[in-house]
$ cat structure19.txt   # compact mmCIF, C-alpha atoms
# COMPACT_ATOMS: atom_id res chain seq x y z
CA MET A 71 -19.58 5.31 28.89
CA GLY A 72 -23.14 5.04 27.64
CA ASN A 73 -24.46 2.37 25.31
CA ASP A 74 -24.85 4.95 22.55
CA LEU A 75 -21.07 4.96 22.21
CA SER A 76 -20.58 1.21 22.42
CA GLN A 77 -20.05 0.51 18.69
CA ALA A 78 -17.56 3.32 18.16
CA GLN A 79 -15.81 2.41 21.40
CA ALA A 80 -15.77 -1.30 20.51
CA ARG A 81 -13.78 -0.56 17.36
CA ILE A 82 -11.18 1.29 19.40
CA ASN A 83 -11.04 -1.46 22.02
CA ALA A 84 -10.60 -4.11 19.33
CA LEU A 85 -7.56 -2.30 17.94
CA LEU A 86 -5.69 -1.11 21.01
CA ASP A 87 -3.82 -2.95 23.72
CA ASP A 88 -6.07 -3.78 26.67
CA ASN A 89 -6.80 -0.87 29.01
CA SER A 90 -4.47 1.49 27.12
CA PHE A 91 -7.04 3.91 25.66
CA VAL A 92 -7.31 7.38 27.18
CA GLU A 93 -10.31 9.32 25.88
CA LEU A 94 -10.00 13.09 25.44
CA GLN A 95 -12.62 15.85 25.10
CA SER A 96 -15.50 13.49 25.90
CA LEU A 97 -17.76 16.35 27.07
CA VAL A 98 -17.55 18.40 23.86
CA MET A 99 -20.99 19.16 22.37
CA SER A 100 -22.23 20.88 19.22
CA ARG A 101 -22.80 24.62 19.49
CA ASN A 102 -25.42 25.03 16.77
CA THR A 103 -29.03 25.71 17.79
CA ASP A 104 -30.74 25.75 14.39
CA PHE A 105 -33.55 23.27 13.71
CA ASN A 106 -33.83 22.51 17.43
CA LEU A 107 -30.37 20.89 17.42
CA ASP A 108 -29.74 22.09 20.98
CA ALA A 109 -32.41 19.66 22.20
CA LYS A 110 -30.43 16.78 20.72
CA LYS A 111 -27.02 17.66 22.10
CA GLU A 112 -24.92 14.66 23.01
CA PRO A 113 -21.54 14.53 24.73
CA SER A 114 -18.74 13.63 22.29
CA ASP A 115 -20.53 15.27 19.33
CA GLY A 116 -20.50 12.02 17.38
CA VAL A 117 -16.79 11.20 17.54
CA ILE A 118 -14.55 9.64 20.19
CA ILE A 119 -10.90 10.73 20.27
CA GLY A 120 -7.93 9.73 22.38
CA HIS A 121 -4.63 7.90 22.50
CA GLY A 122 -3.53 4.37 23.29
CA LEU A 123 -1.03 1.65 22.46
CA VAL A 124 -0.67 -1.01 19.78
CA ASP A 125 1.92 -3.55 20.93
CA GLY A 126 3.43 -0.73 22.96
CA THR A 127 3.48 1.80 20.09
CA LEU A 128 1.72 5.10 20.84
CA VAL A 129 -1.12 5.91 18.45
CA PHE A 130 -3.87 8.53 18.32
CA VAL A 131 -7.35 7.34 17.39
CA PHE A 132 -10.69 8.83 16.43
CA SER A 133 -13.84 6.78 15.94
CA GLN A 134 -17.02 8.29 14.52
CA ASN A 135 -20.26 7.21 16.13
CA ALA A 136 -23.21 7.03 13.73
CA GLU A 137 -25.62 6.65 16.66
CA VAL A 138 -24.91 10.19 17.86
CA LEU A 139 -26.15 12.83 15.39
CA GLY A 140 -25.57 10.27 12.65
CA GLY A 141 -21.81 10.60 13.09
CA THR A 142 -22.15 13.73 10.94
CA ILE A 143 -19.37 16.26 10.71
CA GLY A 144 -19.99 19.64 12.28
CA GLU A 145 -17.83 22.38 13.76
CA MET A 146 -16.99 20.76 17.10
CA HIS A 147 -16.81 17.25 15.65
CA ALA A 148 -14.11 18.46 13.26
CA LYS A 149 -12.28 20.45 15.95
CA LYS A 150 -11.91 17.29 18.00
CA ILE A 151 -10.33 15.45 15.07
CA LEU A 152 -8.07 18.42 14.32
CA SER A 153 -6.87 18.53 17.92
CA LEU A 154 -6.04 14.84 17.66
CA TYR A 155 -3.88 15.52 14.59
CA ASP A 156 -2.13 18.35 16.45
CA MET A 157 -1.19 16.08 19.34
CA ALA A 158 -0.05 13.27 17.04
CA LEU A 159 2.07 15.69 15.03
CA LYS A 160 3.83 16.98 18.16
CA VAL A 161 5.03 13.51 19.14
CA GLY A 162 5.32 11.98 15.66
CA ALA A 163 2.77 9.24 16.29
CA PRO A 164 0.37 7.65 13.79
CA VAL A 165 -3.25 8.81 13.44
CA ILE A 166 -5.88 6.09 13.07
CA GLY A 167 -9.46 6.79 12.11
CA PHE A 168 -12.60 4.65 12.15
CA ILE A 169 -14.98 6.30 9.70
CA ASP A 170 -18.74 5.87 10.08
CA CYS A 171 -20.35 9.10 9.03
CA GLY A 172 -23.65 10.40 7.71
CA GLY A 173 -21.92 13.24 5.87
CA VAL A 174 -21.86 16.93 6.72
CA ARG A 175 -24.33 18.09 9.38
CA LEU A 176 -27.11 19.85 7.48
CA GLN A 177 -28.18 21.84 10.54
CA GLU A 178 -24.79 23.58 10.47
CA SER A 179 -24.75 24.17 6.69
CA PHE A 180 -21.67 26.11 5.53
CA ASP A 181 -20.00 25.73 8.93
CA ALA A 182 -20.19 21.96 8.50
CA LEU A 183 -18.78 22.15 4.97
CA GLU A 184 -15.87 24.23 6.19
CA ALA A 185 -15.39 21.75 9.04
CA LEU A 186 -15.12 18.89 6.55
CA GLY A 187 -12.65 20.90 4.48
CA SER A 188 -10.50 21.59 7.52
CA VAL A 189 -10.17 17.87 8.31
CA ILE A 190 -9.27 17.02 4.73
CA GLU A 191 -6.74 19.89 4.64
CA ARG A 192 -5.06 18.66 7.81
CA ALA A 193 -4.84 15.09 6.53
CA ALA A 194 -3.26 16.34 3.30
CA ASP A 195 -0.90 18.68 5.14
CA VAL A 196 0.60 15.97 7.39
CA LYS A 197 0.83 13.30 4.68
CA GLY A 198 4.35 11.95 4.68
CA VAL A 199 5.03 13.49 8.11
CA ILE A 200 3.06 11.14 10.36
CA PRO A 201 1.51 7.84 9.24
CA GLN A 202 -2.25 7.81 8.71
CA LEU A 203 -4.38 4.67 8.79
CA MET A 204 -8.09 4.91 7.97
CA CYS A 205 -10.67 2.18 8.41
CA VAL A 206 -14.05 2.57 6.71
CA ALA A 207 -16.21 0.88 9.33
CA GLY A 208 -19.64 2.16 8.24
CA ASN A 209 -20.77 4.83 5.78
CA CYS A 210 -18.23 7.05 4.04
CA GLY A 211 -19.63 9.01 1.13
CA GLY A 212 -19.15 12.16 -0.91
CA GLY A 213 -16.33 14.52 0.01
CA LEU A 214 -15.37 12.55 3.10
CA SER A 215 -14.26 9.73 0.79
CA VAL A 216 -11.15 11.80 0.10
CA LEU A 217 -9.96 11.06 3.66
CA PRO A 218 -9.36 7.30 3.26
CA SER A 219 -7.83 7.99 -0.16
CA LEU A 220 -5.37 10.42 1.43
CA ALA A 221 -4.39 7.90 4.09
CA ASP A 222 -1.16 5.95 3.82
CA PHE A 223 -3.04 2.72 4.55
CA THR A 224 -6.76 2.16 4.03
CA PHE A 225 -8.87 -0.65 5.46
CA MET A 226 -12.54 -1.49 5.09
CA VAL A 227 -14.96 -3.63 7.06
CA ASP A 228 -17.15 -5.90 4.96
CA GLY A 229 -20.65 -4.43 4.83
CA ALA A 230 -19.41 -0.84 5.04
CA SER A 231 -19.89 1.63 2.17
CA LEU A 232 -17.27 3.83 0.50
CA PHE A 233 -18.39 5.98 -2.42
CA TYR A 234 -18.18 9.34 -4.13
CA ASN A 235 -21.50 8.76 -5.89
CA SER A 236 -23.74 6.07 -4.46
CA PRO A 237 -24.28 3.07 -6.77
CA ASP A 238 -27.93 3.97 -7.42
CA ALA A 239 -26.97 7.53 -8.40
CA ILE A 240 -24.72 6.33 -11.22
CA LYS A 241 -26.50 6.40 -14.55
CA GLY A 242 -27.34 2.92 -15.77
CA ASN A 243 -26.36 1.24 -12.51
CA ARG A 244 -28.04 -0.18 -9.44
CA ALA A 245 -26.43 -1.47 -6.26
CA GLU A 246 -27.73 -4.98 -6.94
CA GLU A 247 -26.01 -4.92 -10.36
CA CYS A 248 -22.70 -3.41 -9.33
CA ASP A 249 -22.25 -2.28 -5.74
CA SER A 250 -19.44 0.17 -6.36
CA SER A 251 -19.53 1.17 -2.70
CA SER A 252 -18.72 -2.33 -1.40
CA ALA A 253 -15.45 -3.42 0.16
CA ALA A 254 -14.93 -6.01 -2.58
CA PHE A 255 -15.28 -3.40 -5.35
CA GLN A 256 -12.98 -0.92 -3.63
CA PHE A 257 -10.40 -3.66 -3.00
CA GLU A 258 -10.42 -5.39 -6.37
CA GLU A 259 -11.60 -2.80 -8.90
CA ALA A 260 -10.85 0.67 -7.50
CA GLY A 261 -7.64 -0.18 -5.65
CA THR A 262 -8.54 2.20 -2.83
CA VAL A 263 -8.44 -0.36 -0.03
CA ASP A 264 -5.32 -2.18 1.18
CA MET A 265 -7.19 -4.89 3.10
CA HIS A 266 -10.79 -5.77 3.96
CA GLY A 267 -12.68 -8.33 6.03
CA SER A 268 -14.53 -8.58 9.31
CA LEU A 269 -13.75 -6.05 12.04
CA SER A 270 -11.52 -8.57 13.82
CA GLU A 271 -9.66 -9.36 10.58
CA VAL A 272 -9.24 -5.71 9.72
CA VAL A 273 -7.90 -4.66 13.12
CA ALA A 274 -5.49 -7.61 13.06
CA SER A 275 -4.17 -6.33 9.72
CA MET A 276 -3.96 -2.79 11.08
CA ARG A 277 -1.92 -4.00 14.03
CA GLN A 278 0.43 -5.79 11.62
CA VAL A 279 0.97 -2.64 9.60
CA ILE A 280 1.51 -0.54 12.73
CA SER A 281 4.20 -3.01 13.80
CA MET A 282 6.11 -1.95 10.66
CA ILE A 283 5.79 1.80 11.25
CA PRO A 284 7.31 4.05 12.46
CA ASN A 285 10.40 2.51 10.91
CA ASP A 286 12.25 1.66 14.12
CA ILE A 287 14.93 -0.98 13.93
CA THR A 288 13.90 -3.86 16.17
CA GLU A 289 15.85 -6.85 17.39
CA ALA A 290 15.42 -9.63 14.84
CA THR A 291 14.29 -13.04 16.05
CA ASP A 292 15.16 -14.78 12.78
CA ASP A 293 18.64 -15.94 11.73
CA LEU A 294 20.03 -13.46 9.20
CA ASN A 295 21.98 -16.33 7.59
CA ARG A 296 18.93 -18.57 7.30
CA ALA A 297 18.81 -20.35 3.96
CA SER A 298 15.86 -19.48 1.72
CA GLU A 299 14.03 -22.72 1.02
CA GLY A 300 12.30 -23.66 -2.22
CA LEU A 301 12.67 -20.30 -3.95
CA GLU A 302 13.23 -22.06 -7.26
CA SER A 303 9.52 -22.86 -7.44
CA LYS A 304 8.41 -19.39 -6.28
CA VAL A 305 10.24 -17.07 -8.69
CA GLY A 306 7.05 -16.27 -10.62
CA ASP A 307 5.44 -14.54 -7.63
CA ALA A 308 7.19 -11.69 -5.82
CA ALA A 309 4.92 -12.15 -2.80
CA ALA A 310 6.07 -15.76 -2.41
CA VAL A 311 9.72 -14.71 -2.74
CA ALA A 312 9.28 -11.91 -0.19
CA THR A 313 7.54 -14.22 2.25
CA GLU A 314 10.40 -16.72 2.12
CA ILE A 315 13.18 -14.18 2.71
CA ALA A 316 11.33 -12.01 5.29
CA ASP A 317 12.07 -12.23 8.99
CA ASN A 318 10.00 -15.13 10.35
CA ARG A 319 8.50 -15.38 6.85
CA GLU A 320 6.08 -12.53 7.64
CA PHE A 321 5.20 -10.43 4.59
CA ILE A 322 2.22 -8.07 4.56
CA GLU A 323 0.88 -7.67 1.03
CA LEU A 324 -1.04 -4.44 0.44
CA LYS A 325 -3.78 -3.94 -2.16
CA ALA A 326 -3.48 -7.63 -3.01
CA GLY A 327 -6.81 -7.69 -4.85
CA PHE A 328 -5.98 -4.85 -7.24
CA ALA A 329 -3.61 -5.14 -10.24
CA LYS A 330 -2.47 -8.55 -9.07
CA GLU A 331 0.41 -8.53 -11.54
CA MET A 332 2.16 -5.98 -9.31
CA VAL A 333 2.97 -6.87 -5.71
CA THR A 334 3.42 -4.23 -3.00
CA GLY A 335 3.93 -4.84 0.70
CA LEU A 336 6.01 -4.60 3.84
CA MET A 337 8.36 -6.95 5.67
CA LYS A 338 11.30 -6.82 8.04
CA LEU A 339 14.82 -7.95 7.20
CA ASP A 340 17.05 -8.38 10.24
CA GLY A 341 14.65 -6.11 12.15
CA VAL A 342 14.52 -3.32 9.54
CA THR A 343 11.27 -2.49 7.73
CA ILE A 344 11.59 -2.94 3.96
CA GLY A 345 9.09 -2.10 1.23
CA VAL A 346 8.64 -4.66 -1.54
CA VAL A 347 7.62 -3.90 -5.13
CA GLY A 348 7.59 -6.82 -7.51
CA ASN A 349 6.01 -8.72 -10.37
CA ARG A 350 3.60 -11.63 -10.26
CA GLU A 351 2.87 -13.86 -13.23
CA VAL A 352 -0.79 -13.87 -14.22
CA ASP A 353 -1.90 -16.81 -16.39
CA GLY A 354 1.77 -17.58 -16.97
CA GLU A 355 2.61 -14.09 -18.28
CA ALA A 356 4.93 -11.53 -16.68
CA PHE A 357 3.96 -8.00 -17.74
CA LEU A 358 3.59 -4.38 -16.73
CA SER A 359 0.12 -2.80 -16.79
CA ALA A 360 -1.07 0.76 -16.25
CA ALA A 361 -2.86 -0.12 -13.01
CA GLY A 362 0.13 -2.07 -11.76
CA CYS A 363 2.54 0.78 -12.49
CA GLU A 364 0.27 3.28 -10.72
CA LYS A 365 0.07 0.94 -7.74
CA ALA A 366 3.88 0.60 -7.66
CA ALA A 367 4.42 4.35 -8.05
CA ASP A 368 2.16 5.18 -5.11
CA PHE A 369 3.89 2.60 -2.94
CA VAL A 370 7.45 3.72 -3.77
CA ASP A 371 6.34 7.28 -2.98
CA LEU A 372 4.98 6.09 0.38
CA CYS A 373 8.27 4.33 1.19
CA ASP A 374 10.30 7.38 0.23
CA MET A 375 8.18 9.65 2.44
CA TYR A 376 8.78 7.45 5.49
CA GLU A 377 12.40 6.51 4.65
CA ILE A 378 11.60 2.84 4.13
CA PRO A 379 14.17 1.13 1.84
CA VAL A 380 12.76 -0.65 -1.22
CA LEU A 381 13.45 -4.11 -2.59
CA SER A 382 12.17 -4.64 -6.12
CA ILE A 383 11.68 -8.28 -7.12
CA THR A 384 11.80 -8.36 -10.90
CA ASN A 385 10.28 -10.88 -13.26
CA VAL A 386 8.94 -9.05 -16.31
CA ALA A 387 9.04 -9.61 -20.05
CA ALA A 388 6.44 -7.39 -21.73
CA PHE A 389 3.88 -4.60 -21.52
CA LYS A 390 0.21 -5.49 -21.31
CA SER A 391 -1.27 -5.03 -24.76
CA CYS A 392 -4.71 -3.57 -25.55
CA VAL A 393 -6.22 -0.27 -26.66
CA CYS A 394 -6.96 0.72 -23.06
CA GLN A 395 -3.32 0.20 -22.13
CA GLU A 396 -2.17 2.33 -25.03
CA LYS A 397 -4.20 5.18 -23.54
CA ARG A 398 -3.04 4.77 -19.96
CA LEU A 399 0.28 2.94 -19.92
CA PRO A 400 2.67 5.73 -21.05
CA ARG A 401 1.57 8.07 -18.26
CA ALA A 402 1.59 5.24 -15.68
CA LEU A 403 5.07 4.11 -16.75
CA ALA A 404 6.32 7.67 -16.48
CA GLN A 405 4.79 7.96 -13.02
CA MET A 406 6.47 4.76 -11.79
CA THR A 407 9.78 5.71 -13.40
CA GLN A 408 9.73 9.13 -11.78
CA ARG A 409 9.11 7.63 -8.34
CA PHE A 410 11.98 5.16 -8.66
CA VAL A 411 14.36 7.85 -9.92
CA ASP A 412 13.37 10.47 -7.33
CA ALA A 413 13.39 8.14 -4.31
CA SER A 414 16.37 8.88 -2.08
CA ILE A 415 16.02 5.69 -0.04
CA PRO A 416 18.25 2.62 -0.54
CA LYS A 417 16.98 0.57 -3.49
CA ILE A 418 17.95 -3.01 -4.27
CA ASN A 419 16.72 -5.00 -7.26
CA LEU A 420 16.55 -8.80 -7.29
CA ILE A 421 16.02 -10.43 -10.70
CA THR A 422 14.38 -13.80 -10.13
CA LYS A 423 13.35 -15.20 -13.50
CA GLN A 424 13.02 -12.86 -16.50
CA ALA A 425 14.21 -9.31 -17.14
CA TYR A 426 13.58 -8.35 -20.74
CA GLY A 427 13.64 -5.09 -22.66
CA SER A 428 12.14 -1.79 -21.61
CA PRO A 429 9.85 -3.36 -18.98
CA TYR A 430 12.95 -4.54 -17.09
CA VAL A 431 14.68 -1.18 -17.41
CA LEU A 432 11.68 0.53 -15.77
CA MET A 433 11.51 -1.95 -12.87
CA ASN A 434 14.24 -0.28 -10.79
CA SER A 435 17.18 -1.31 -12.98
CA LYS A 436 20.77 -0.16 -12.52
CA SER A 437 20.29 2.55 -15.14
CA LEU A 438 17.24 3.89 -13.26
CA GLY A 439 19.25 4.27 -10.04
CA ALA A 440 19.10 0.94 -8.22
CA ASP A 441 21.95 0.91 -5.70
CA LEU A 442 22.51 -2.82 -6.01
CA VAL A 443 21.22 -5.38 -8.50
CA TYR A 444 21.27 -9.09 -7.70
CA ALA A 445 20.12 -11.95 -9.91
CA PHE A 446 19.64 -15.70 -9.64
CA GLU A 447 21.99 -17.62 -11.91
CA THR A 448 19.06 -19.14 -13.78
CA ALA A 449 17.53 -15.73 -14.57
CA SER A 450 17.21 -14.61 -18.18
CA VAL A 451 18.31 -11.02 -18.77
CA GLY A 452 18.45 -9.28 -22.11
CA ALA A 453 16.91 -7.02 -24.70
CA MET A 454 14.56 -9.75 -25.91
CA GLU A 455 13.81 -13.44 -25.51
CA ALA A 456 16.19 -15.51 -27.64
CA ALA A 457 13.46 -17.01 -29.84
CA LYS A 458 12.04 -13.59 -30.71
CA ALA A 459 15.48 -12.13 -31.31
CA ALA A 460 16.39 -15.00 -33.64
CA ARG A 461 13.36 -14.31 -35.85
CA ILE A 462 14.50 -10.72 -36.25
CA LEU A 463 18.20 -11.45 -36.71
CA SER A 464 17.86 -14.33 -39.15
CA GLU A 465 17.90 -13.16 -42.77
CA ASN A 466 15.61 -15.77 -44.29
CA GLY A 467 14.46 -17.79 -41.27
CA THR A 468 16.52 -20.85 -42.17
CA ASP A 469 19.22 -20.14 -39.62
CA ALA A 470 16.85 -19.05 -36.83
CA ALA A 471 17.47 -22.12 -34.66
CA ALA A 472 21.23 -21.63 -34.68
CA ILE A 473 20.93 -17.91 -33.97
CA GLU A 474 18.52 -18.60 -31.12
CA LYS A 475 21.04 -20.96 -29.50
CA ASP A 476 23.91 -18.50 -29.90
CA TYR A 477 21.81 -15.55 -28.72
CA ALA A 478 20.70 -17.43 -25.61
CA GLN A 479 24.32 -18.15 -24.71
CA LEU A 480 25.74 -14.73 -25.55
CA GLN A 481 23.00 -12.22 -24.75
CA ASP A 482 20.13 -13.84 -22.86
CA SER A 483 21.89 -14.46 -19.53
CA ALA A 484 22.33 -12.99 -16.08
CA LEU A 485 26.00 -13.94 -16.30
CA THR A 486 26.43 -11.84 -19.45
CA ALA A 487 24.65 -8.88 -17.83
CA ALA A 488 26.92 -9.23 -14.80
CA ALA A 489 29.99 -9.30 -17.07
CA HIS A 490 28.83 -5.99 -18.54
CA GLY A 491 28.40 -4.45 -15.07
CA HIS A 492 24.61 -4.31 -15.06
CA ILE A 493 24.30 -6.85 -12.22
CA ASP A 494 26.39 -6.54 -9.07
CA ARG A 495 26.22 -10.12 -7.90
CA ILE A 496 24.85 -13.48 -8.95
CA VAL A 497 23.31 -15.14 -5.87
CA SER A 498 21.96 -18.59 -5.25
CA THR A 499 18.34 -18.91 -4.22
CA ALA A 500 19.43 -20.33 -0.87
CA ASP A 501 21.59 -17.27 -0.12
CA ALA A 502 19.11 -14.61 -1.29
CA ARG A 503 18.06 -13.54 2.22
CA LYS A 504 21.64 -13.26 3.46
CA TYR A 505 22.88 -11.10 0.60
CA ILE A 506 19.86 -8.81 0.50
CA ILE A 507 20.22 -8.15 4.24
CA ALA A 508 23.93 -7.47 3.78
CA GLY A 509 23.13 -5.06 0.94
CA PHE A 510 20.68 -3.00 2.96
CA GLU A 511 22.90 -3.04 6.06
CA MET A 512 25.70 -1.54 4.00
CA PHE A 513 23.60 1.62 3.54
CA PHE A 514 22.93 1.91 7.28
$ encode --input "structure19.txt" --output "structure tokens"
Amino acid sequence: MGNDLSQAQARINALLDDNSFVELQSLVMSRNTDFNLDAKKEPSDGVIIGHGLVDGTLVFVFSQNAEVLGGTIGEMHAKKILSLYDMALKVGAPVIGFIDCGGVRLQESFDALEALGSVIERAADVKGVIPQLMCVAGNCGGGLSVLPSLADFTFMVDGASLFYNSPDAIKGNRAEECDSSSAAFQFEEAGTVDMHGSLSEVVASMRQVISMIPNDITEATDDLNRASEGLESKVGDAAAVATEIADNREFIELKAGFAKEMVTGLMKLDGVTIGVVGNREVDGEAFLSAAGCEKAADFVDLCDMYEIPVLSITNVAAFKSCVCQEKRLPRALAQMTQRFVDASIPKINLITKQAYGSPYVLMNSKSLGADLVYAFETASVGAMEAAKAARILSENGTDAAAIEKDYAQLQDSALTAAAHGHIDRIVSTADARKYIIAGFEMFF
């Protein structure tokens, strides 16, 4: 293979198992002759396609090559990608794309636009049927930016650009002021990217995710009865809880930089892939936000599409409060609620610390359809924190302290919620892994 393909090929080689890649349609060339394009014809037409293995799992890969016709999308370029989707769909294998594109090929005009549309249509059509992983490895702008957004998992190499409008084209902005096309912005502010880093870091993360999908049950190498250690000090962070109970303590957090108060990610429990949705305390507060609910809703939808059971790890006491949230939160809450209710996969809820009021109800509670609800004995569960309830219940404020004590004992307790049938089992922190595995295995 010539040097002009080395960068695109290197990305494929970095991802796949050694010597497993089989390139297809390497001799395809553009058919357009306008603007002397026939004099610049190059084999591959700016994109390499083929199949290979990731830890033995079959995957189909395309990698755009910006050094050949700028990696631009034209008729034959798109047809190669479409043929890759067709093959992947026949065998039910994931499609992985490395995007590095100069946009639509101007020499092909409307044909190039239709070619772009055909790729986007195919990606949308197979969503939820075969997994799609997209890595923005170079430029990805304009309409093509829909492709990584449609993907089930999106990665980005530091230094690459992902944008709908370039930073300098946004009124009142310059790239040096706010580079809205950067990996950091897309990861932390836009929430488009699941993970970013160097090429080696990104492909390592992609391999981790691929190891979780398709959702084949693998032989576990971790003791299913292993005691969970030190969970008492980790109950404020769902990611820390998930890491401790996961097989071999391997939890892959997705979109970790965006809406940090909501945790989403993948792990295995006794060899079965499980999706995790949970709360993380931010500055000591446990709350639901619009961005966090949207993040959770998208992830539950993803799990439902690929029949991945969901564990929600609940520690929530309030809604985030500001004018912006009042505009966005109702719709986001409805979106998350709808996803939890509609999901036909097994759903287990683990209450770790706090579960108060409406925020708790919307975090995959029994009333919303959770199949099993577990709670740590030290968890607080109720309509409201005891101190706040006492201020409302006391007539003149003089008996607030006594009411707070009584309310805490009678209403603000996981034991009371269990007595009323809202919690299926009180579990110790040490036994959390064992009982959650047993719960999911019951559904299988």
$ atom_distance --input "structure19.txt" --atom1 "CA of Ile166 in chain A" --atom2 "CA of Asp125 in chain A"
14.7 Å
$ atom_distance --input "structure19.txt" --atom1 "CA of Gly162 in chain A" --atom2 "CA of Ser133 in chain A"
19.9 Å
$ residues_around --input "structure19.txt" --residues "range 143-149 of chain A" --least-positions-apart "6" --cutoff "10 Å" --atoms "all atoms listed in the file" --output "PyMOL selection string"
chain A and resi 98-102+114-119+134+155+171-190+214
$ residues_around --input "structure19.txt" --residues "range 425-429 of chain A" --least-positions-apart "5" --cutoff "8 Å" --atoms "all atoms listed in the file" --output "number ranges by chain"
A: 357-358, 384-389, 449-455
$ residues_around --input "structure19.txt" --residues "Cys205 in chain A" --least-positions-apart "2" --cutoff "8 Å" --atoms "only C-alpha atoms" --output "list in words"
Ile166, Gly167, Phe168, Ile169, Leu203, Ala207, Pro218, Thr224, Phe225, Met226 and Val227 of chain A
$ closest_residue --input "structure19.txt" --among "A:Val393, A:Ala274, A:Ala290, A:Ala488" --to "Ala84 in chain A" --atoms "all atoms listed in the file"
A:Ala274
$ residues_around --input "structure19.txt" --residues "Tyr444 in chain A" --least-positions-apart "3" --cutoff "7 Å" --atoms "only C-alpha atoms" --output "PyMOL selection string"
chain A and resi 419-421+493-497
$ residues_around --input "structure19.txt" --residues "Pro379 in chain A" --least-positions-apart "2" --cutoff "10 Å" --atoms "only C-alpha atoms" --output "PyMOL selection string"
chain A and resi 285+342-346+370+373-374+376-377+381+413-418+510+513
$ write_last_selection --input "structure19.txt" --atoms "C-alpha atoms" --output "compact mmCIF listing (two decimals), keeping the file's coordinate frame"
# COMPACT_ATOMS: atom_id res chain seq x y z
CA ASN A 285 10.40 2.51 10.91
CA VAL A 342 14.52 -3.32 9.54
CA THR A 343 11.27 -2.49 7.73
CA ILE A 344 11.59 -2.94 3.96
CA GLY A 345 9.09 -2.10 1.23
CA VAL A 346 8.64 -4.66 -1.54
CA VAL A 370 7.45 3.72 -3.77
CA CYS A 373 8.27 4.33 1.19
CA ASP A 374 10.30 7.38 0.23
CA TYR A 376 8.78 7.45 5.49
CA GLU A 377 12.40 6.51 4.65
CA LEU A 381 13.45 -4.11 -2.59
CA ALA A 413 13.39 8.14 -4.31
CA SER A 414 16.37 8.88 -2.08
CA ILE A 415 16.02 5.69 -0.04
CA PRO A 416 18.25 2.62 -0.54
CA LYS A 417 16.98 0.57 -3.49
CA ILE A 418 17.95 -3.01 -4.27
CA PHE A 510 20.68 -3.00 2.96
CA PHE A 513 23.60 1.62 3.54
$ atom_distance --input "structure19.txt" --atom1 "CA of Thr288 in chain A" --atom2 "CA of Asp340 in chain A"
8.1 Å
$ closest_residue --input "structure19.txt" --among "A:Ile507, A:Val272, A:Met406, A:Val305" --to "Gly341 in chain A" --atoms "all atoms listed in the file"
A:Ile507
$ closest_residue --input "structure19.txt" --among "A:Asp371, A:Asp292, A:Glu331, A:Glu302" --to "Lys390 in chain A" --atoms "only C-alpha atoms"
A:Glu331
$ closest_residue --input "structure19.txt" --among "A:Leu232, A:Leu152, A:Leu139, A:Ala316" --to "Gly211 in chain A" --atoms "only C-alpha atoms"
A:Leu232
$ build_atoms --input "structure19.txt" --residues "range 355-365 of chain A" --atoms "N, CA and C atoms" --output "JSON list (two decimals), keeping the file's coordinate frame"
[["chain", "number", "residue", "atom", "x", "y", "z"],
["A", 355, "GLU", "N", 1.97, -15.22, -17.62],
["A", 355, "GLU", "CA", 2.61, -14.09, -18.28],
["A", 355, "GLU", "C", 3.13, -13.08, -17.25],
["A", 356, "ALA", "N", 4.31, -12.52, -17.55],
["A", 356, "ALA", "CA", 4.93, -11.53, -16.68],
["A", 356, "ALA", "C", 4.95, -10.19, -17.42],
["A", 357, "PHE", "N", 4.13, -9.24, -16.98],
["A", 357, "PHE", "CA", 3.96, -8.00, -17.74],
["A", 357, "PHE", "C", 3.75, -6.80, -16.82],
["A", 358, "LEU", "N", 3.92, -5.63, -17.40],
["A", 358, "LEU", "CA", 3.59, -4.38, -16.73],
["A", 358, "LEU", "C", 2.28, -3.85, -17.29],
["A", 359, "SER", "N", 1.39, -3.41, -16.39],
["A", 359, "SER", "CA", 0.12, -2.80, -16.79],
["A", 359, "SER", "C", 0.04, -1.40, -16.23],
["A", 360, "ALA", "N", -0.89, -0.61, -16.74],
["A", 360, "ALA", "CA", -1.07, 0.76, -16.25],
["A", 360, "ALA", "C", -1.45, 0.76, -14.77],
["A", 361, "ALA", "N", -2.42, -0.07, -14.41],
["A", 361, "ALA", "CA", -2.86, -0.12, -13.01],
["A", 361, "ALA", "C", -1.73, -0.57, -12.10],
["A", 362, "GLY", "N", -0.98, -1.57, -12.57],
["A", 362, "GLY", "CA", 0.13, -2.07, -11.76],
["A", 362, "GLY", "C", 1.21, -1.03, -11.56],
["A", 363, "CYS", "N", 1.52, -0.26, -12.60],
["A", 363, "CYS", "CA", 2.54, 0.78, -12.49],
["A", 363, "CYS", "C", 2.08, 1.90, -11.55],
["A", 364, "GLU", "N", 0.80, 2.26, -11.63],
["A", 364, "GLU", "CA", 0.27, 3.28, -10.72],
["A", 364, "GLU", "C", 0.34, 2.80, -9.27],
["A", 365, "LYS", "N", 0.01, 1.55, -9.07],
["A", 365, "LYS", "CA", 0.07, 0.94, -7.74],
["A", 365, "LYS", "C", 1.51, 0.97, -7.21]]
